[in-house]
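Engineer: I am attaching a structure below and will ask some questions about it afterwards.
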Amino acid sequence: MLPLEIRKMTMEDLEQVMEIEHSSFPYPWSRASFEKELRHNGYACYFVAGLSKNGQVVGYAGSWILFGEAHITTLAVHPSYRRAGIGSALLNSLMETACSLGACQVFLEVRDSNGAARTLYEKFGFKIKGVRKKYYLDEDALVMTRDFSPAGP
Ligand SMILES: CC(C)(COP(=O)(O)OP(=O)(O)OC[C@H]1O[C@@H](n2cnc3c(N)ncnc32)[C@H](O)[C@@H]1OP(=O)(O)O)[C@@H](O)C(=O)NCCC(=O)NCCS
């Protein structure tokens with residue numbers, strides 16, 4: 001894997017985060033949504049993956065951790081850096097953090113058609129638990145969950 005640093009997302013990362021967001025999702029979050037998460041959501045936990053050589057942000061991931069559950073809200077990797085283990089590294093950081101903060105279960109929504117993400121989540125032990133109809137305006141979401149063992153992720 002590329003030498004990477006996984007660290008907490010800051011406001012200074014948002015320009016690069018927004019570029020990846022727009023190249024990754026048909027209905028991208030606004031910059032204001034990320035700002036709100038970083039500034040005002042005490043339950044939010046957002047990471048970026050930065051290249052060790054120059055700090056370029058090549059991916060990010062976020063979750064809300066509350067009431068013993070973690071909800072993964074986003075995960076994206078720059079199109080030029082996919083299939084290099086960065087999504088896995090970010091997911092790993094989210095899972096470890098959720099576990100260390102006492103979460104017993106992690107859940108997320110994923111597009112039915114998003115084979116790449118579904119395969120990644122299945123590799124991490126997520127299982128399909130349900131469907132949210134028209135969650136994405138144009139498509140249903142699958143709800144995937146994973147329980148933590150008492151030993152951790
Ligand atoms: C989903 C996403 C985050 C994966 O990031 P990534 O850095 O490429 O993932 P990794 O390199 O860690 O891949 C880990 C495993 O996931 C699976 N996987 C990842 N991309 C895949 C693809 N395009 N097709 C099939 N399997 C894939 C593979 O099993 C892969 O392991 P392998 O490369 O050894 O075969 C990335 O494709 C992305 O940003 N997509 C657009 C945004 C998005 O859909 N986010 C998820 C929202 S729910």
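To be explicit about the labels: the chains of the structure tokens are called A, B, and onward in the order shown, and within each one the residues are counted from 1, while ligands get numbers from 1 in the order they are shown.
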Name the residues in contact with range 80-83 of chain A at a cut-off of 10 Å, using only C-alpha atoms, excluding same-chain residues fewer than 5 positions from it; report them as a list in words.
Structural biologist: Met1, Leu2, Val58, Gly59, Ser88 and Ala116 of chain A
Engineer: Mind checking which residues fall within 7 Å of range 3-11 of chain A, counting only C-alpha atoms, ignoring those fewer than 6 positions away in the same chain, and posting them as a list in words?
Structural biologist: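 Residues meeting the cut-off are Glu35, Tyr46, Phe47, Val48, Ala49, Gly50, Leu51 and Ser52 of chain A.
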Engineer: Out of range 1-137 of chain A, which residues get strand (DSSP E) from DSSP, as a VMD selection string?
Structural biologist: chain A and resid 4 to 8 44 to 51 57 to 66 69 to 77 105 to 111 127 to 132
Engineer: Could you give me, as a list in words, the residues within 7 Å of range 20-28 of chain A, counting only C-alpha atoms and dropping anything in the same chain fewer than 3 positions from it?
Structural biologist: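 Selected residues are Gln16, Val17, Ala76, Val77 and His78 of chain A.
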Engineer: Take the selection from the previous step and output its residues with N, CA and C atoms, as an mmCIF file, in the first residue's frame.
Structural biologist:
data_model
loop_
_atom_site.group_PDB
_atom_site.id
_atom_site.type_symbol
_atom_site.label_atom_id
_atom_site.label_comp_id
_atom_site.auth_asym_id
_atom_site.auth_seq_id
_atom_site.Cartn_x
_atom_site.Cartn_y
_atom_site.Cartn_z
ATOM 1 N N GLN A 16 -9.836 19.869 -0.862
ATOM 2 C CA GLN A 16 -9.488 18.597 -1.516
ATOM 3 C C GLN A 16 -10.596 17.562 -1.317
ATOM 4 N N VAL A 17 -11.215 17.581 -0.147
ATOM 5 C CA VAL A 17 -12.328 16.653 0.119
ATOM 6 C C VAL A 17 -13.455 16.900 -0.882
ATOM 7 N N ALA A 76 -14.993 7.770 0.679
ATOM 8 C CA ALA A 76 -14.645 7.968 -0.732
ATOM 9 C C ALA A 76 -13.134 8.056 -0.880
ATOM 10 N N VAL A 77 -12.679 7.574 -2.036
ATOM 11 C CA VAL A 77 -11.252 7.607 -2.374
ATOM 12 C C VAL A 77 -11.123 8.277 -3.739
ATOM 13 N N HIS A 78 -10.123 9.106 -3.893
ATOM 14 C CA HIS A 78 -9.858 9.781 -5.168
ATOM 15 C C HIS A 78 -9.802 8.728 -6.278
#
Engineer: Just list as a VMD selection string whatever in range 2-136 of chain A DSSP marks as alpha helix (DSSP H).
Structural biologist: chain A and resid 14 to 24 31 to 40 86 to 100 115 to 123
Engineer: Could you save the residues just selected, with N, CA and C atoms, as a CSV table (one decimal), in the first residue's frame?
Structural biologist:
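Final file, part-v2.csv:
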chain,number,residue,atom,x,y,z
A,14,LEU,N,-10.9,20.7,3.4
A,14,LEU,CA,-12.2,20.6,2.7
A,14,LEU,C,-12.1,20.9,1.2
A,15,GLU,N,-11.2,21.7,0.8
A,15,GLU,CA,-11.1,21.9,-0.6
A,15,GLU,C,-10.8,20.6,-1.4
A,16,GLN,N,-9.8,19.9,-0.9
A,16,GLN,CA,-9.5,18.6,-1.5
A,16,GLN,C,-10.6,17.6,-1.3
A,17,VAL,N,-11.2,17.6,-0.1
A,17,VAL,CA,-12.3,16.7,0.1
A,17,VAL,C,-13.5,16.9,-0.9
A,18,MET,N,-13.8,18.2,-1.1
A,18,MET,CA,-14.9,18.5,-2.1
A,18,MET,C,-14.6,18.0,-3.5
A,19,GLU,N,-13.3,18.1,-3.9
A,19,GLU,CA,-13.0,17.6,-5.2
A,19,GLU,C,-13.2,16.1,-5.3
A,20,ILE,N,-12.9,15.4,-4.3
A,20,ILE,CA,-13.1,13.9,-4.3
A,20,ILE,C,-14.6,13.6,-4.2
A,21,GLU,N,-15.3,14.4,-3.4
A,21,GLU,CA,-16.7,14.2,-3.2
A,21,GLU,C,-17.4,14.4,-4.6
A,22,HIS,N,-17.1,15.4,-5.4
A,22,HIS,CA,-17.7,15.6,-6.6
A,22,HIS,C,-17.4,14.6,-7.7
A,23,SER,N,-16.2,14.0,-7.5
A,23,SER,CA,-15.9,12.9,-8.5
A,23,SER,C,-16.3,11.6,-8.1
A,24,SER,N,-17.0,11.5,-6.9
A,24,SER,CA,-17.3,10.2,-6.4
A,24,SER,C,-18.8,9.9,-6.3
A,31,ARG,N,-20.2,21.7,0.7
A,31,ARG,CA,-19.1,22.0,1.6
A,31,ARG,C,-19.7,22.4,3.0
A,32,ALA,N,-20.9,23.1,3.0
A,32,ALA,CA,-21.5,23.5,4.2
A,32,ALA,C,-21.9,22.2,5.1
A,33,SER,N,-22.2,21.1,4.4
A,33,SER,CA,-22.6,19.9,5.2
A,33,SER,C,-21.3,19.4,5.9
A,34,PHE,N,-20.2,19.4,5.2
A,34,PHE,CA,-19.0,19.0,5.9
A,34,PHE,C,-18.6,19.9,7.0
A,35,GLU,N,-18.7,21.2,6.8
A,35,GLU,CA,-18.4,22.2,7.8
A,35,GLU,C,-19.2,22.0,9.0
A,36,LYS,N,-20.5,21.8,8.8
A,36,LYS,CA,-21.4,21.5,9.9
A,36,LYS,C,-21.0,20.3,10.7
A,37,GLU,N,-20.6,19.3,10.0
A,37,GLU,CA,-20.2,18.0,10.7
A,37,GLU,C,-19.0,18.4,11.6
A,38,LEU,N,-18.0,19.1,11.0
A,38,LEU,CA,-16.7,19.3,11.7
A,38,LEU,C,-16.9,20.3,12.9
A,39,ARG,N,-17.8,21.3,12.6
A,39,ARG,CA,-17.9,22.4,13.6
A,39,ARG,C,-18.9,22.1,14.7
A,40,HIS,N,-20.0,21.4,14.4
A,40,HIS,CA,-21.2,21.4,15.3
A,40,HIS,C,-21.6,20.0,15.7
A,86,ILE,N,-6.7,2.1,0.2
A,86,ILE,CA,-7.0,3.3,1.0
A,86,ILE,C,-8.4,3.3,1.6
A,87,GLY,N,-9.3,2.8,0.9
A,87,GLY,CA,-10.7,2.7,1.4
A,87,GLY,C,-10.7,1.7,2.6
A,88,SER,N,-9.9,0.6,2.5
A,88,SER,CA,-9.8,-0.3,3.6
A,88,SER,C,-9.2,0.3,4.8
A,89,ALA,N,-8.1,1.1,4.6
A,89,ALA,CA,-7.4,1.7,5.7
A,89,ALA,C,-8.3,2.7,6.4
A,90,LEU,N,-9.1,3.5,5.7
A,90,LEU,CA,-10.0,4.4,6.3
A,90,LEU,C,-11.1,3.7,7.1
A,91,LEU,N,-11.7,2.6,6.5
A,91,LEU,CA,-12.7,1.9,7.1
A,91,LEU,C,-12.2,1.3,8.4
A,92,ASN,N,-11.0,0.8,8.3
A,92,ASN,CA,-10.4,0.2,9.5
A,92,ASN,C,-10.3,1.3,10.7
A,93,SER,N,-9.9,2.5,10.3
A,93,SER,CA,-9.7,3.5,11.3
A,93,SER,C,-11.1,3.9,11.9
A,94,LEU,N,-12.1,3.9,11.1
A,94,LEU,CA,-13.5,4.2,11.6
A,94,LEU,C,-13.9,3.1,12.6
A,95,MET,N,-13.7,1.8,12.2
A,95,MET,CA,-14.1,0.7,13.0
A,95,MET,C,-13.4,0.7,14.3
A,96,GLU,N,-12.1,0.9,14.3
A,96,GLU,CA,-11.3,0.9,15.5
A,96,GLU,C,-11.7,2.0,16.5
A,97,THR,N,-12.0,3.2,15.9
A,97,THR,CA,-12.4,4.3,16.7
A,97,THR,C,-13.8,4.0,17.3
A,98,ALA,N,-14.7,3.5,16.5
A,98,ALA,CA,-16.1,3.2,17.0
A,98,ALA,C,-16.0,2.2,18.1
A,99,CYS,N,-15.1,1.2,18.0
A,99,CYS,CA,-15.0,0.1,19.0
A,99,CYS,C,-14.4,0.7,20.3
A,100,SER,N,-13.4,1.6,20.1
A,100,SER,CA,-12.7,2.2,21.3
A,100,SER,C,-13.7,3.1,22.0
A,115,GLY,N,-21.3,-2.0,-6.5
A,115,GLY,CA,-20.6,-3.3,-6.3
A,115,GLY,C,-19.2,-3.1,-5.6
A,116,ALA,N,-18.5,-2.0,-5.9
A,116,ALA,CA,-17.2,-1.8,-5.3
A,116,ALA,C,-17.3,-1.7,-3.8
A,117,ALA,N,-18.2,-0.8,-3.4
A,117,ALA,CA,-18.4,-0.6,-1.9
A,117,ALA,C,-19.0,-1.8,-1.2
A,118,ARG,N,-19.9,-2.5,-1.9
A,118,ARG,CA,-20.5,-3.6,-1.2
A,118,ARG,C,-19.5,-4.7,-1.0
A,119,THR,N,-18.6,-4.9,-2.0
A,119,THR,CA,-17.6,-5.9,-1.9
A,119,THR,C,-16.6,-5.6,-0.7
A,120,LEU,N,-16.3,-4.3,-0.7
A,120,LEU,CA,-15.4,-3.8,0.4
A,120,LEU,C,-16.0,-4.1,1.8
A,121,TYR,N,-17.3,-3.7,1.9
A,121,TYR,CA,-18.0,-3.9,3.2
A,121,TYR,C,-18.1,-5.4,3.6
A,122,GLU,N,-18.4,-6.2,2.5
A,122,GLU,CA,-18.5,-7.6,2.8
A,122,GLU,C,-17.2,-8.2,3.3
A,123,LYS,N,-16.1,-7.7,2.7
A,123,LYS,CA,-14.8,-8.1,3.2
A,123,LYS,C,-14.6,-7.8,4.7
Engineer: May I have the residues within 12 Å of Phe67 in chain A as a PDB file with N, CA and C atoms, in the first residue's frame, using only C-alpha atoms and disregarding those fewer than 3 positions away in the same chain?
Structural biologist:
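Generated file (around_22.pdb):
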ATOM      1  N   TYR A  43     -20.971  14.203  17.800  1.00  0.00           N
ATOM      2  CA  TYR A  43     -20.929  12.743  17.633  1.00  0.00           C
ATOM      3  C   TYR A  43     -20.149  12.341  16.376  1.00  0.00           C
ATOM      4  N   TRP A  64     -20.934   8.723  12.635  1.00  0.00           N
ATOM      5  CA  TRP A  64     -21.500   9.249  13.876  1.00  0.00           C
ATOM      6  C   TRP A  64     -21.465   8.100  14.871  1.00  0.00           C
ATOM      7  N   ALA A  70     -22.400   2.858  15.705  1.00  0.00           N
ATOM      8  CA  ALA A  70     -21.696   3.751  14.778  1.00  0.00           C
ATOM      9  C   ALA A  70     -22.422   3.709  13.447  1.00  0.00           C
ATOM     10  N   HIS A  71     -22.649   4.875  12.869  1.00  0.00           N
ATOM     11  CA  HIS A  71     -23.292   4.993  11.558  1.00  0.00           C
ATOM     12  C   HIS A  71     -22.265   5.584  10.609  1.00  0.00           C
ATOM     13  N   ALA A  98     -14.712   3.482  16.491  1.00  0.00           N
ATOM     14  CA  ALA A  98     -16.058   3.172  16.993  1.00  0.00           C
ATOM     15  C   ALA A  98     -15.963   2.178  18.147  1.00  0.00           C
ATOM     16  N   LEU A 101     -14.700   3.647  21.317  1.00  0.00           N
ATOM     17  CA  LEU A 101     -15.670   4.538  21.972  1.00  0.00           C
ATOM     18  C   LEU A 101     -16.919   3.784  22.442  1.00  0.00           C
ATOM     19  N   GLY A 102     -16.841   2.458  22.390  1.00  0.00           N
ATOM     20  CA  GLY A 102     -17.899   1.650  23.001  1.00  0.00           C
ATOM     21  C   GLY A 102     -19.015   1.211  22.090  1.00  0.00           C
ATOM     22  N   ALA A 103     -18.870   1.424  20.768  1.00  0.00           N
ATOM     23  CA  ALA A 103     -19.928   0.964  19.867  1.00  0.00           C
ATOM     24  C   ALA A 103     -19.922  -0.562  19.794  1.00  0.00           C
ATOM     25  N   CYS A 104     -21.115  -1.143  19.769  1.00  0.00           N
ATOM     26  CA  CYS A 104     -21.244  -2.606  19.665  1.00  0.00           C
ATOM     27  C   CYS A 104     -21.610  -3.008  18.246  1.00  0.00           C
ATOM     28  N   GLN A 105     -22.111  -2.054  17.469  1.00  0.00           N
ATOM     29  CA  GLN A 105     -22.566  -2.362  16.117  1.00  0.00           C
ATOM     30  C   GLN A 105     -22.275  -1.178  15.193  1.00  0.00           C
ATOM     31  N   VAL A 106     -21.939  -1.475  13.950  1.00  0.00           N
ATOM     32  CA  VAL A 106     -21.742  -0.443  12.934  1.00  0.00           C
ATOM     33  C   VAL A 106     -22.758  -0.675  11.832  1.00  0.00           C
TER      34      VAL A 106
END
